[in-house]
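Here is the file query-v1.txt (compact mmCIF, C-alpha atoms).
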# COMPACT_ATOMS: atom_id res chain seq x y z
CA MET A 1 4.91 -14.47 -15.41
CA GLU A 2 8.18 -15.68 -16.69
CA GLY A 3 8.20 -19.21 -18.09
CA TYR A 4 4.44 -19.76 -17.90
CA ARG A 5 2.38 -19.77 -21.09
CA TRP A 6 -1.27 -18.83 -20.68
CA LYS A 7 -3.62 -21.52 -22.03
CA THR A 8 -5.73 -19.66 -24.57
CA ALA A 9 -8.67 -20.37 -26.87
CA VAL A 10 -9.54 -18.28 -29.91
CA VAL A 11 -13.20 -18.42 -30.90
CA THR A 12 -14.32 -16.89 -34.20
CA LEU A 13 -18.01 -16.04 -34.47
CA SER A 14 -19.14 -15.68 -38.06
CA ASP A 15 -22.05 -17.12 -40.02
CA LYS A 16 -20.19 -16.65 -43.31
CA GLY A 17 -16.98 -18.10 -41.91
CA TYR A 18 -18.84 -21.09 -40.50
CA ARG A 19 -20.47 -21.72 -43.90
CA GLN A 20 -17.01 -21.36 -45.51
CA GLU A 21 -18.16 -18.34 -47.52
CA ARG A 22 -15.46 -16.13 -45.99
CA GLU A 23 -11.91 -16.90 -44.87
CA ASP A 24 -11.26 -16.26 -41.19
CA LYS A 25 -8.30 -13.89 -41.13
CA SER A 26 -8.67 -12.72 -37.53
CA ALA A 27 -8.00 -16.00 -35.70
CA PRO A 28 -4.66 -16.63 -37.46
CA LEU A 29 -3.67 -13.03 -36.70
CA ILE A 30 -4.57 -13.47 -33.03
CA GLN A 31 -2.50 -16.66 -32.91
CA GLU A 32 0.43 -14.84 -34.52
CA LEU A 33 0.27 -11.96 -32.03
CA LEU A 34 -0.04 -14.33 -29.06
CA SER A 35 2.79 -16.61 -30.14
CA ALA A 36 5.24 -13.73 -29.71
CA GLU A 37 4.09 -13.41 -26.08
CA ASP A 38 3.49 -15.85 -23.20
CA TYR A 39 0.35 -17.44 -24.65
CA ASP A 40 -0.28 -20.95 -25.94
CA VAL A 41 -3.25 -21.16 -28.32
CA ALA A 42 -4.63 -24.53 -27.24
CA ALA A 43 -7.89 -24.27 -29.22
CA LYS A 44 -9.19 -22.47 -32.30
CA ILE A 45 -12.93 -22.72 -32.85
CA LEU A 46 -15.22 -21.34 -35.54
CA LEU A 47 -18.93 -20.99 -34.75
CA PRO A 48 -21.95 -19.34 -36.36
CA ASP A 49 -23.67 -16.38 -34.70
CA GLU A 50 -25.91 -18.64 -32.60
CA GLN A 51 -26.11 -17.52 -28.98
CA VAL A 52 -26.83 -20.94 -27.44
CA MET A 53 -23.91 -22.55 -29.32
CA ILE A 54 -21.58 -19.73 -28.27
CA GLU A 55 -22.65 -19.99 -24.63
CA ARG A 56 -22.15 -23.78 -24.59
CA GLU A 57 -18.69 -23.48 -26.10
CA LEU A 58 -17.58 -20.72 -23.74
CA ILE A 59 -18.79 -22.76 -20.75
CA ARG A 60 -16.99 -25.87 -22.04
CA LEU A 61 -13.74 -23.98 -22.62
CA CYS A 62 -13.89 -22.45 -19.12
CA ASP A 63 -15.24 -25.30 -17.03
CA GLU A 64 -13.89 -28.39 -18.81
CA GLU A 65 -10.81 -27.21 -20.71
CA HIS A 66 -9.76 -24.74 -17.96
CA MET A 67 -8.56 -22.04 -20.32
CA ASP A 68 -6.83 -19.05 -18.75
CA LEU A 69 -7.97 -16.76 -21.56
CA ILE A 70 -10.61 -16.90 -24.27
CA LEU A 71 -10.46 -14.34 -27.05
CA THR A 72 -13.50 -14.13 -29.27
CA THR A 73 -13.50 -12.34 -32.59
CA GLY A 74 -16.60 -11.19 -34.44
CA GLY A 75 -20.26 -10.79 -33.63
CA THR A 76 -19.85 -7.55 -31.66
CA GLY A 77 -21.49 -5.10 -34.04
CA PHE A 78 -25.03 -3.89 -34.66
CA ALA A 79 -26.11 -6.58 -37.13
CA GLU A 80 -29.21 -8.45 -36.05
CA ARG A 81 -27.32 -11.75 -35.64
CA ASP A 82 -24.37 -10.25 -33.72
CA CYS A 83 -24.82 -11.86 -30.31
CA THR A 84 -21.30 -12.40 -28.97
CA PRO A 85 -21.60 -9.87 -26.11
CA GLU A 86 -24.95 -11.29 -25.02
CA ALA A 87 -23.61 -14.87 -25.03
CA THR A 88 -20.51 -13.77 -23.14
CA LEU A 89 -22.50 -11.93 -20.49
CA CYS A 90 -24.77 -14.98 -20.02
CA VAL A 91 -21.83 -17.18 -18.99
CA ALA A 92 -20.10 -14.56 -16.80
CA ASP A 93 -19.57 -14.81 -13.06
CA ARG A 94 -18.12 -11.29 -12.89
CA ASN A 95 -17.82 -8.34 -15.21
CA ALA A 96 -14.37 -6.96 -16.12
CA PRO A 97 -15.42 -3.85 -18.06
CA GLY A 98 -12.09 -2.02 -17.97
CA ILE A 99 -10.62 -4.14 -20.76
CA ALA A 100 -13.50 -3.56 -23.19
CA ASP A 101 -13.67 0.11 -22.17
CA ALA A 102 -9.93 0.53 -22.79
CA MET A 103 -10.18 -1.07 -26.23
CA ARG A 104 -13.04 1.24 -27.22
CA TYR A 105 -11.19 4.29 -25.86
CA PHE A 106 -8.04 3.34 -27.78
CA SER A 107 -9.98 2.60 -30.97
CA LEU A 108 -11.87 5.89 -30.80
CA GLN A 109 -8.53 7.61 -31.35
CA ILE A 110 -8.32 5.77 -34.68
CA THR A 111 -11.94 5.79 -35.86
CA PRO A 112 -15.20 7.26 -34.54
CA ARG A 113 -16.91 4.00 -35.53
CA ALA A 114 -15.31 2.37 -32.51
CA MET A 115 -18.27 3.69 -30.52
CA LEU A 116 -20.38 1.10 -32.34
CA GLY A 117 -18.43 -1.80 -30.85
CA ARG A 118 -20.40 -3.77 -28.27
CA GLY A 119 -17.69 -6.16 -27.10
CA VAL A 120 -17.45 -7.04 -23.41
CA SER A 121 -14.85 -8.56 -21.11
CA VAL A 122 -15.84 -10.89 -18.28
CA ILE A 123 -14.59 -13.51 -15.86
CA ARG A 124 -15.97 -17.02 -15.49
CA GLY A 125 -14.27 -18.93 -12.73
CA LYS A 126 -10.54 -18.55 -13.37
CA THR A 127 -10.99 -17.67 -17.06
CA LEU A 128 -10.94 -14.22 -18.63
CA ILE A 129 -13.11 -13.83 -21.75
CA VAL A 130 -12.49 -10.84 -24.03
CA ASN A 131 -14.57 -9.99 -27.11
CA LEU A 132 -12.45 -8.58 -29.93
CA PRO A 133 -13.89 -7.05 -33.10
CA GLY A 134 -14.08 -9.16 -36.25
CA SER A 135 -11.90 -7.11 -38.58
CA PRO A 136 -8.22 -8.09 -38.70
CA LYS A 137 -7.17 -4.41 -38.55
CA ALA A 138 -9.23 -3.81 -35.39
CA VAL A 139 -8.05 -7.11 -33.90
CA ARG A 140 -4.40 -6.11 -34.34
CA GLU A 141 -4.96 -2.64 -32.88
CA ASN A 142 -7.02 -3.80 -29.90
CA LEU A 143 -5.04 -6.89 -28.99
CA SER A 144 -1.72 -5.07 -29.30
CA PHE A 145 -3.09 -2.42 -26.93
CA ILE A 146 -4.32 -4.80 -24.20
CA LEU A 147 -1.64 -7.52 -24.36
CA PRO A 148 0.92 -5.69 -22.18
CA SER A 149 -1.55 -5.68 -19.24
CA LEU A 150 -3.34 -8.99 -19.74
CA GLY A 151 -0.64 -11.20 -18.25
CA HIS A 152 -0.72 -9.37 -14.93
CA GLY A 153 -4.52 -9.57 -14.76
CA LEU A 154 -4.43 -13.28 -15.59
CA GLY A 155 -1.75 -13.81 -12.95
CA ILE A 156 -3.96 -12.26 -10.28
CA LEU A 157 -7.09 -14.07 -11.52
CA THR A 158 -5.41 -17.47 -11.48
CA GLY A 159 -3.45 -16.89 -8.27
CA ARG A 160 -0.07 -17.11 -10.01
CA GLU A 161 0.72 -13.48 -9.15
CA SER A 162 0.14 -11.31 -6.13
CA GLU A 163 -2.01 -8.20 -5.96
CA CYS A 164 -0.72 -4.93 -7.43
CA ALA A 165 -0.39 -3.17 -4.04
CA ALA A 166 1.61 -6.03 -2.51
CA LEU A 167 3.93 -6.02 -5.52
CA ALA A 168 4.41 -2.24 -5.27
CA GLN A 169 5.19 -2.48 -1.53
CA ARG A 170 7.86 -5.14 -2.17
CA HIS A 171 9.51 -2.80 -4.66
CA GLY A 172 9.26 0.23 -2.38
CA LYS A 173 6.74 2.05 -4.61
CA ALA A 174 3.71 2.08 -2.30

Kindly return the structure encoded in the file as structure tokens.
Amino acid sequence: MEGYRWKTAVVTLSDKGYRQEREDKSAPLIQELLSAEDYDVAAKILLPDEQVMIERELIRLCDEEHMDLILTTGGTGFAERDCTPEATLCVADRNAPGIADAMRYFSLQITPRAMLGRGVSVIRGKTLIVNLPGSPKAVRENLSFILPSLGHGLGILTGRESECAALAQRHGKA
């Protein structure tokens, strides 16, 4: 949508980052990638891998801050404390699996370890929540892959854009 900037939150989930034992390199990268597009990063949050804290923050960002998009980074692997997908699913109204599936499919062309990613994508109210991996390399690859389609999905979700079929009919492509 031309002229509209999607209100976005970036939430980093990392015990070590939260304890300041590791620098968060993924959130600044996400902000950099989004700033070149139609996204306004209105909030950057760093939390430990604590499911209840993550759920509370996602609910607050959706229901009180009315974010259009929340991108999480980290907590999507097999480590015992990785609980980002579980927290995300707990706050979801609807599943939007195509985004997470597309990211895994794309990443599998780069590394077979992509099959170990457990990230999900869901909708809560008028907010899309997408779990990105924690590594900056994987963040860049995945976000660059999904960004071209996200705006249209957000436009439909928020009512700022019409459905795909209606758009195609107007342009004589149906």

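For the pair atom CA of Ser14 of chain A and atom CA of Met53 of chain A, the interatomic distance is 12.1 Å.
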
Considering all atoms listed in the file, tabulate each residue of segment 17-36 of chain A that lies at most 12 Å from segment 144-158 of chain A along with its nearest interatomic pair and the corresponding distance in Å to one decimal; arrange the rows by chain and ascending residue number and present them as JSON lines.
{"residue": "A:Leu29", "atom": "CA", "partner": "A:Ser144", "partner_atom": "CA", "distance": 11.0}
{"residue": "A:Ile30", "atom": "CA", "partner": "A:Ser144", "partner_atom": "CA", "distance": 9.6}
{"residue": "A:Glu32", "atom": "CA", "partner": "A:Ser144", "partner_atom": "CA", "distance": 11.3}
{"residue": "A:Leu33", "atom": "CA", "partner": "A:Ser144", "partner_atom": "CA", "distance": 7.7}
{"residue": "A:Leu34", "atom": "CA", "partner": "A:Leu147", "partner_atom": "CA", "distance": 8.4}
{"residue": "A:Ser35", "atom": "CA", "partner": "A:Leu147", "partner_atom": "CA", "distance": 11.6}
{"residue": "A:Ala36", "atom": "CA", "partner": "A:Leu147", "partner_atom": "CA", "distance": 10.7}

For the point (-20.0, -8.3, -28.8) in file coordinates, what residues are within 6 Å, counting only C-alpha atoms? Give the answer as a PyMOL selection string?
chain A and resi 75-76+84-85+118-119+131

C-alpha atoms of the current selection, written as a tab-separated table (two decimals), keeping the file's coordinate frame:
chain	number	residue	atom	x	y	z
A	75	GLY	CA	-20.26	-10.79	-33.63
A	76	THR	CA	-19.85	-7.55	-31.66
A	84	THR	CA	-21.30	-12.40	-28.97
A	85	PRO	CA	-21.60	-9.87	-26.11
A	118	ARG	CA	-20.40	-3.77	-28.27
A	119	GLY	CA	-17.69	-6.16	-27.10
A	131	ASN	CA	-14.57	-9.99	-27.11

Report, as JSON, the axis-aligned box around all atoms of segment 69-84 of chain A present in the file, extended by 4 Å on each side; give centre and edge lengths in Å to one decimal place.
{"center_x": -18.6, "center_y": -10.4, "center_z": -29.3, "size_x": 29.2, "size_y": 21.0, "size_z": 23.6}

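Proximity ranking of A:Val122, A:Ala92, A:Leu116, A:Leu13 relative to Pro48 of chain A places A:Leu13 first, based on all atoms listed in the file.
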
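The closest residue to Lys7 of chain A, picked from A:Arg113, A:Lys44, A:Arg94, A:Arg140 and counting all atoms listed in the file, is A:Lys44.
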
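Nearest residue to Ala9 of chain A among A:Glu65, A:Asp101, A:Glu23, A:Glu37 is A:Glu65, counting all atoms listed in the file.
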
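Comparing the minimum interatomic distances between Val10 of chain A and each of A:Val52, A:Ile70, A:Cys83, A:Ile110, counting all atoms listed in the file, we find that A:Ile70 sits nearest.
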
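Comparing the minimum interatomic distances between Val130 of chain A and each of A:Leu71, A:Ile59, A:Leu89, A:Ala42, counting only C-alpha atoms, we find that A:Leu71 sits nearest.
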
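Among the candidates A:Val11, A:Val120, A:Leu61, A:Leu47, the residue lying nearest to Ala102 of chain A is A:Val120 (atoms considered: only C-alpha atoms).
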
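In this structure, atom CA of Gly134 of chain A sits 22.9 Å away from atom CA of Asp38 of chain A.
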
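For Ser107 of chain A, the residues within 8 Å (counting all atoms listed in the file, excluding itself and residues fewer than 5 positions away along the chain) are A:Pro112, A:Ala114, A:Ala138, A:Glu141, A:Asn142.
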
Using C-alpha atoms, can you export the residues from the last selection as a compact mmCIF listing (two decimals), in the frame of the given file?
# COMPACT_ATOMS: atom_id res chain seq x y z
CA PRO A 112 -15.20 7.26 -34.54
CA ALA A 114 -15.31 2.37 -32.51
CA ALA A 138 -9.23 -3.81 -35.39
CA GLU A 141 -4.96 -2.64 -32.88
CA ASN A 142 -7.02 -3.80 -29.90

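Across the structure, atom CA of Gly117 of chain A and atom CA of Ile99 of chain A are spaced 13.0 Å apart.
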
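Every residue within 6 Å of the file position (-16.5, -10.1, -19.2), judged by only C-alpha atoms, is given as Asn95, Ala96, Val120, Ser121, Val122, Ile123 and Ile129 of chain A.
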